[in-house]
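Coordinates from protein-v8.pdb are shown below (PDB, C-alpha atoms, pLDDT in the B column).
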```pdb
ATOM      1  CA  MET A   1       0.000   0.000   0.000  1.00 49.00           C
ATOM      2  CA  MET A   2       1.267   3.459  -0.868  1.00 51.00           C
ATOM      3  CA  GLY A   3       1.545   6.129   1.795  1.00 52.00           C
ATOM      4  CA  ASP A   4      -1.580   7.902   0.558  1.00 55.00           C
ATOM      5  CA  GLY A   5      -3.842   4.832   0.981  1.00 56.00           C
ATOM      6  CA  ARG A   6      -3.773   3.669  -2.631  1.00 57.00           C
ATOM      7  CA  TRP A   7      -2.739   0.156  -3.688  1.00 54.00           C
ATOM      8  CA  GLU A   8       0.278  -0.415  -5.909  1.00 61.00           C
ATOM      9  CA  MET A   9      -0.221  -2.323  -9.111  1.00 58.00           C
ATOM     10  CA  GLY A  10       0.676  -6.007  -8.756  1.00 59.00           C
ATOM     11  CA  GLU A  11       0.408  -5.947  -4.970  1.00 58.00           C
ATOM     12  CA  ASP A  12      -1.058  -9.070  -3.319  1.00 61.00           C
ATOM     13  CA  LEU A  13      -4.492  -8.158  -1.972  1.00 60.00           C
ATOM     14  CA  SER A  14      -5.354 -11.596  -0.584  1.00 62.00           C
ATOM     15  CA  ASP A  15      -4.823 -10.386   2.996  1.00 67.00           C
ATOM     16  CA  VAL A  16      -7.588  -7.779   2.739  1.00 75.00           C
ATOM     17  CA  THR A  17      -9.929  -9.441   0.240  1.00 81.00           C
ATOM     18  CA  PRO A  18     -12.717 -11.568   1.776  1.00 88.00           C
ATOM     19  CA  CYS A  19     -12.210 -15.316   1.399  1.00 87.00           C
ATOM     20  CA  THR A  20     -15.588 -15.605  -0.311  1.00 89.00           C
ATOM     21  CA  SER A  21     -14.513 -13.170  -3.026  1.00 90.00           C
ATOM     22  CA  LEU A  22     -11.334 -15.153  -3.630  1.00 88.00           C
ATOM     23  CA  ALA A  23     -13.379 -18.357  -3.789  1.00 91.00           C
ATOM     24  CA  VAL A  24     -15.861 -16.933  -6.298  1.00 93.00           C
ATOM     25  CA  ASP A  25     -12.996 -15.697  -8.458  1.00 92.00           C
ATOM     26  CA  SER A  26     -11.330 -19.118  -8.460  1.00 92.00           C
ATOM     27  CA  VAL A  27     -14.626 -20.945  -9.120  1.00 94.00           C
ATOM     28  CA  ILE A  28     -15.273 -18.771 -12.157  1.00 95.00           C
ATOM     29  CA  ARG A  29     -11.731 -19.140 -13.495  1.00 94.00           C
ATOM     30  CA  LEU A  30     -11.303 -22.874 -13.000  1.00 93.00           C
ATOM     31  CA  GLY A  31     -14.932 -23.655 -13.733  1.00 95.00           C
ATOM     32  CA  THR A  32     -14.456 -21.975 -17.102  1.00 96.00           C
ATOM     33  CA  ALA A  33     -11.231 -23.899 -17.667  1.00 95.00           C
ATOM     34  CA  GLY A  34     -13.034 -27.142 -16.827  1.00 94.00           C
ATOM     35  CA  ALA A  35     -15.851 -26.302 -19.225  1.00 96.00           C
ATOM     36  CA  LEU A  36     -13.303 -25.593 -21.962  1.00 96.00           C
ATOM     37  CA  TRP A  37     -11.700 -28.947 -21.227  1.00 95.00           C
ATOM     38  CA  GLY A  38     -15.147 -30.488 -21.617  1.00 95.00           C
ATOM     39  CA  VAL A  39     -15.608 -28.725 -24.954  1.00 95.00           C
ATOM     40  CA  CYS A  40     -12.397 -30.377 -26.166  1.00 95.00           C
ATOM     41  CA  ARG A  41     -12.838 -33.810 -24.609  1.00 95.00           C
ATOM     42  CA  ALA A  42     -16.585 -34.505 -24.812  1.00 95.00           C
ATOM     43  CA  PRO A  43     -16.872 -34.731 -28.629  1.00 94.00           C
ATOM     44  CA  TYR A  44     -14.012 -37.229 -28.655  1.00 94.00           C
ATOM     45  CA  GLU A  45     -15.697 -39.350 -25.981  1.00 94.00           C
ATOM     46  CA  ALA A  46     -19.047 -39.131 -27.800  1.00 94.00           C
ATOM     47  CA  ARG A  47     -17.407 -40.336 -31.004  1.00 93.00           C
ATOM     48  CA  LYS A  48     -15.815 -43.275 -29.154  1.00 94.00           C
ATOM     49  CA  ARG A  49     -19.290 -44.242 -27.877  1.00 94.00           C
ATOM     50  CA  ASP A  50     -20.754 -43.948 -31.407  1.00 93.00           C
ATOM     51  CA  LEU A  51     -23.295 -41.350 -30.301  1.00 92.00           C
ATOM     52  CA  THR A  52     -25.036 -39.295 -32.980  1.00 91.00           C
ATOM     53  CA  GLY A  53     -27.688 -36.597 -33.193  1.00 93.00           C
ATOM     54  CA  ILE A  54     -29.556 -35.584 -30.051  1.00 94.00           C
ATOM     55  CA  ALA A  55     -27.818 -38.241 -27.926  1.00 93.00           C
ATOM     56  CA  ARG A  56     -24.415 -36.865 -28.933  1.00 94.00           C
ATOM     57  CA  ALA A  57     -25.411 -33.242 -28.273  1.00 94.00           C
ATOM     58  CA  SER A  58     -26.910 -34.185 -24.908  1.00 95.00           C
ATOM     59  CA  TYR A  59     -23.790 -36.134 -23.927  1.00 95.00           C
ATOM     60  CA  VAL A  60     -21.486 -33.278 -24.937  1.00 95.00           C
ATOM     61  CA  GLY A  61     -23.570 -30.697 -23.041  1.00 95.00           C
ATOM     62  CA  LYS A  62     -23.706 -32.790 -19.881  1.00 95.00           C
ATOM     63  CA  SER A  63     -19.972 -33.489 -20.054  1.00 95.00           C
ATOM     64  CA  ILE A  64     -19.138 -29.802 -20.412  1.00 95.00           C
ATOM     65  CA  GLY A  65     -21.266 -29.011 -17.365  1.00 95.00           C
ATOM     66  CA  LYS A  66     -19.780 -31.891 -15.387  1.00 94.00           C
ATOM     67  CA  TYR A  67     -16.163 -30.889 -16.066  1.00 94.00           C
ATOM     68  CA  GLY A  68     -16.879 -27.230 -15.341  1.00 95.00           C
ATOM     69  CA  PHE A  69     -18.696 -28.045 -12.106  1.00 94.00           C
ATOM     70  CA  GLN A  70     -16.009 -30.426 -10.836  1.00 91.00           C
ATOM     71  CA  CYS A  71     -13.147 -28.032 -11.549  1.00 92.00           C
ATOM     72  CA  GLY A  72     -15.054 -25.115 -10.015  1.00 94.00           C
ATOM     73  CA  LEU A  73     -15.916 -27.188  -6.938  1.00 92.00           C
ATOM     74  CA  ILE A  74     -12.298 -28.168  -6.349  1.00 91.00           C
ATOM     75  CA  ALA A  75     -11.164 -24.558  -6.801  1.00 93.00           C
ATOM     76  CA  GLY A  76     -13.815 -23.178  -4.449  1.00 94.00           C
ATOM     77  CA  ILE A  77     -13.133 -25.641  -1.653  1.00 93.00           C
ATOM     78  CA  LEU A  78      -9.367 -25.335  -2.077  1.00 93.00           C
ATOM     79  CA  ASN A  79      -9.243 -21.546  -2.021  1.00 92.00           C
ATOM     80  CA  THR A  80     -11.784 -21.122   0.771  1.00 93.00           C
ATOM     81  CA  THR A  81      -9.935 -23.611   2.966  1.00 94.00           C
ATOM     82  CA  GLN A  82      -6.511 -22.184   2.150  1.00 92.00           C
ATOM     83  CA  CYS A  83      -7.649 -18.613   2.788  1.00 91.00           C
ATOM     84  CA  GLY A  84      -9.260 -19.590   6.096  1.00 92.00           C
ATOM     85  CA  LEU A  85      -6.140 -21.438   7.217  1.00 93.00           C
ATOM     86  CA  LYS A  86      -3.935 -18.516   6.200  1.00 91.00           C
ATOM     87  CA  ARG A  87      -5.975 -16.132   8.303  1.00 89.00           C
ATOM     88  CA  TYR A  88      -6.330 -18.520  11.244  1.00 91.00           C
ATOM     89  CA  ARG A  89      -2.655 -19.542  11.376  1.00 90.00           C
ATOM     90  CA  ARG A  90      -1.368 -16.111  10.282  1.00 89.00           C
ATOM     91  CA  LYS A  91       1.059 -17.879   7.961  1.00 88.00           C
ATOM     92  CA  ASN A  92       1.154 -18.341   4.207  1.00 87.00           C
ATOM     93  CA  ASP A  93       3.128 -21.545   3.814  1.00 89.00           C
ATOM     94  CA  TRP A  94       3.015 -24.955   2.155  1.00 92.00           C
ATOM     95  CA  VAL A  95       1.170 -26.467   5.128  1.00 93.00           C
ATOM     96  CA  ASN A  96      -1.933 -24.423   4.284  1.00 93.00           C
ATOM     97  CA  ALA A  97      -1.709 -25.586   0.668  1.00 93.00           C
ATOM     98  CA  MET A  98      -1.287 -29.218   1.710  1.00 95.00           C
ATOM     99  CA  ILE A  99      -4.243 -29.219   4.123  1.00 95.00           C
ATOM    100  CA  ALA A 100      -6.499 -27.317   1.721  1.00 94.00           C
ATOM    101  CA  GLY A 101      -5.583 -29.686  -1.121  1.00 94.00           C
ATOM    102  CA  ALA A 102      -6.358 -32.717   1.014  1.00 95.00           C
ATOM    103  CA  VAL A 103      -9.721 -31.281   2.080  1.00 95.00           C
ATOM    104  CA  ALA A 104     -10.667 -30.356  -1.499  1.00 93.00           C
ATOM    105  CA  GLY A 105      -9.592 -33.714  -2.908  1.00 92.00           C
ATOM    106  CA  ALA A 106     -11.419 -35.689  -0.230  1.00 93.00           C
ATOM    107  CA  ALA A 107     -14.568 -33.582  -0.620  1.00 91.00           C
ATOM    108  CA  VAL A 108     -14.703 -34.135  -4.366  1.00 89.00           C
ATOM    109  CA  ALA A 109     -14.070 -37.875  -4.052  1.00 91.00           C
ATOM    110  CA  ALA A 110     -16.595 -38.270  -1.216  1.00 88.00           C
ATOM    111  CA  GLY A 111     -19.314 -38.923  -3.780  1.00 85.00           C
ATOM    112  CA  SER A 112     -17.604 -42.161  -4.768  1.00 86.00           C
ATOM    113  CA  ARG A 113     -18.073 -43.529  -1.220  1.00 88.00           C
ATOM    114  CA  SER A 114     -14.708 -45.243  -1.519  1.00 88.00           C
ATOM    115  CA  ARG A 115     -12.084 -44.497   1.120  1.00 90.00           C
ATOM    116  CA  THR A 116      -9.320 -45.526  -1.241  1.00 92.00           C
ATOM    117  CA  LYS A 117     -10.456 -43.028  -3.879  1.00 92.00           C
ATOM    118  CA  MET A 118     -10.852 -40.326  -1.246  1.00 93.00           C
ATOM    119  CA  ILE A 119      -7.316 -40.854   0.033  1.00 93.00           C
ATOM    120  CA  GLU A 120      -5.883 -40.988  -3.484  1.00 94.00           C
ATOM    121  CA  MET A 121      -7.677 -37.815  -4.555  1.00 93.00           C
ATOM    122  CA  ALA A 122      -6.755 -36.018  -1.330  1.00 93.00           C
ATOM    123  CA  GLY A 123      -3.096 -36.865  -1.906  1.00 94.00           C
ATOM    124  CA  LEU A 124      -3.180 -35.890  -5.574  1.00 93.00           C
ATOM    125  CA  VAL A 125      -4.869 -32.516  -5.089  1.00 92.00           C
ATOM    126  CA  SER A 126      -2.687 -31.851  -2.061  1.00 94.00           C
ATOM    127  CA  ALA A 127       0.484 -32.514  -4.063  1.00 94.00           C
ATOM    128  CA  PHE A 128      -0.647 -30.216  -6.884  1.00 93.00           C
ATOM    129  CA  SER A 129      -1.616 -27.533  -4.375  1.00 92.00           C
ATOM    130  CA  VAL A 130       1.777 -27.653  -2.657  1.00 93.00           C
ATOM    131  CA  ALA A 131       3.552 -27.548  -6.037  1.00 94.00           C
ATOM    132  CA  ALA A 132       1.462 -24.549  -7.116  1.00 91.00           C
ATOM    133  CA  HIS A 133       2.246 -22.786  -3.821  1.00 89.00           C
ATOM    134  CA  TYR A 134       5.954 -23.492  -4.284  1.00 90.00           C
ATOM    135  CA  PHE A 135       6.046 -22.121  -7.829  1.00 90.00           C
ATOM    136  CA  LYS A 136       3.914 -19.116  -6.884  1.00 84.00           C
ATOM    137  CA  SER A 137       6.161 -18.166  -3.980  1.00 80.00           C
ATOM    138  CA  SER A 138       9.491 -18.637  -5.774  1.00 76.00           C
TER     139      SER A 138
END
```
Write the structure described by the file as structure tokens, please.
Amino acid sequence: MMGDGRWEMGEDLSDVTPCTSLAVDSVIRLGTAGALWGVCRAPYEARKRDLTGIARASYVGKSIGKYGFQCGLIAGILNTTQCGLKRYRRKNDWVNAMIAGAVAGAAVAAGSRSRTKMIEMAGLVSAFSVAAHYFKSS
């Protein structure tokens, strides 16, 4: 922050921005990325299943929504948890990223009702979250 109360360009505002605002931003960004992934992947999957006409269009539309929703859900849970931990612990370190990744991964995999899948997904998202934190901070 500048001496006259204005913010400098490029300054990290995550300490003063509400966690909900950060979560909404990440849901929109990664939800859009997931939907774009669905736009690329769904037609290929529909072709592999030999779907045509209305069935193909329906499958593609549902897949786009599914990928967008899943990516947005992971991003929202991850960023909300990480922001809350950062404010509670008063530290911005890899531990916050690891815990938030594990919570987000387990929450997404909870629908499978398989402990093995929950643990695997928690570990995977946690590892990616820690790697992203490392590359962001260095």
How many Å separate CA of Glu120 (chain A) from CA of Ala100 (chain A)?
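Atom-to-atom, CA of Glu120 (chain A) to CA of Ala100 (chain A), that is 14.6 Å.
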Spatial neighbours of Ser26 (chain A), max dist 10 Å, only C-alpha atoms, sep filter under 4 positions, as a ChimeraX atom specification
/A:20-22,30-32,71-80
So the first atom is CA of Gly34 (chain A) and the second is CA of Ile64 (chain A); what is the distance between them in Å, to one decimal place?
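Calculated distance between CA of Gly34 (chain A) and CA of Ile64 (chain A) is 7.6 Å.
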Hits from the PyMOL selection byres ((chain A and resi 39-43) around 9), listed as JSON, numbers by chain
{"A": [34, 35, 36, 37, 38, 44, 45, 46, 47, 48, 56, 57, 59, 60, 61, 62, 63, 64]}
With 8 Å on each side, where is the centre of the axis-aligned box around all listed atoms of region 126-132 of chain A, and how long are its edges in Å to one decimal, as AutoDock Vina command-line options?
```
--center_x 0.4 --center_y -28.5 --center_z -4.6 --size_x 22.2 --size_y 24.0 --size_z 21.1
```
Just to confirm, what's the straight-line distance from CA of Ala97 (chain A) to CA of Lys136 (chain A) in Å (one decimal)?
11.4 Å
Given the file shown, enumerate the residues that the PyMOL selection byres ((chain A and resi 119) around 12) captures and present them as a compact mmCIF listing (two decimals) with C-alpha atoms, in the coordinates of the input.
```txt
# COMPACT_ATOMS: atom_id res chain seq x y z
CA GLY A 101 -5.58 -29.69 -1.12
CA ALA A 102 -6.36 -32.72 1.01
CA VAL A 103 -9.72 -31.28 2.08
CA ALA A 104 -10.67 -30.36 -1.50
CA GLY A 105 -9.59 -33.71 -2.91
CA ALA A 106 -11.42 -35.69 -0.23
CA ALA A 107 -14.57 -33.58 -0.62
CA VAL A 108 -14.70 -34.14 -4.37
CA ALA A 109 -14.07 -37.88 -4.05
CA ALA A 110 -16.60 -38.27 -1.22
CA SER A 112 -17.60 -42.16 -4.77
CA ARG A 113 -18.07 -43.53 -1.22
CA SER A 114 -14.71 -45.24 -1.52
CA ARG A 115 -12.08 -44.50 1.12
CA THR A 116 -9.32 -45.53 -1.24
CA LYS A 117 -10.46 -43.03 -3.88
CA MET A 118 -10.85 -40.33 -1.25
CA GLU A 120 -5.88 -40.99 -3.48
CA MET A 121 -7.68 -37.82 -4.56
CA ALA A 122 -6.76 -36.02 -1.33
CA GLY A 123 -3.10 -36.86 -1.91
CA LEU A 124 -3.18 -35.89 -5.57
CA VAL A 125 -4.87 -32.52 -5.09
CA SER A 126 -2.69 -31.85 -2.06
```
Ranking A:Cys19, A:Val27, A:Ala33, A:Ala131 by minimum distance to Tyr88 (chain A) and counting only C-alpha atoms, which one comes first?
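Between A:Cys19, A:Val27, A:Ala33, A:Ala131, the residue approaching Tyr88 (chain A) most closely is A:Cys19.
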Check the smallest atom-to-atom distance from each of A:Ile99, A:Ala132, A:Lys66, A:Gly84 to Pro18 (chain A) using all atoms listed in the file, then report the winner.
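Closest candidate: A:Gly84.
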Would you kindly return, as a list in words, each protein, DNA or RNA residue with an atom no farther than 12 Å from any atom of Ser137 (chain A), considering all atoms listed in the file and excluding same-chain residues fewer than 2 positions away?
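Counting all atoms listed in the file, the residues come to Asp12, Asn92, Asp93, Trp94, Ala97, Val130, Ala131, Ala132, His133, Tyr134 and Phe135 of chain A.
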Tell me which of A:Gln70, A:Val16, A:Ala55, A:Arg29 sits closest to Lys86 (chain A), counting all atoms listed in the file.
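That would be A:Val16, the residue with the smallest distance to Lys86 (chain A).
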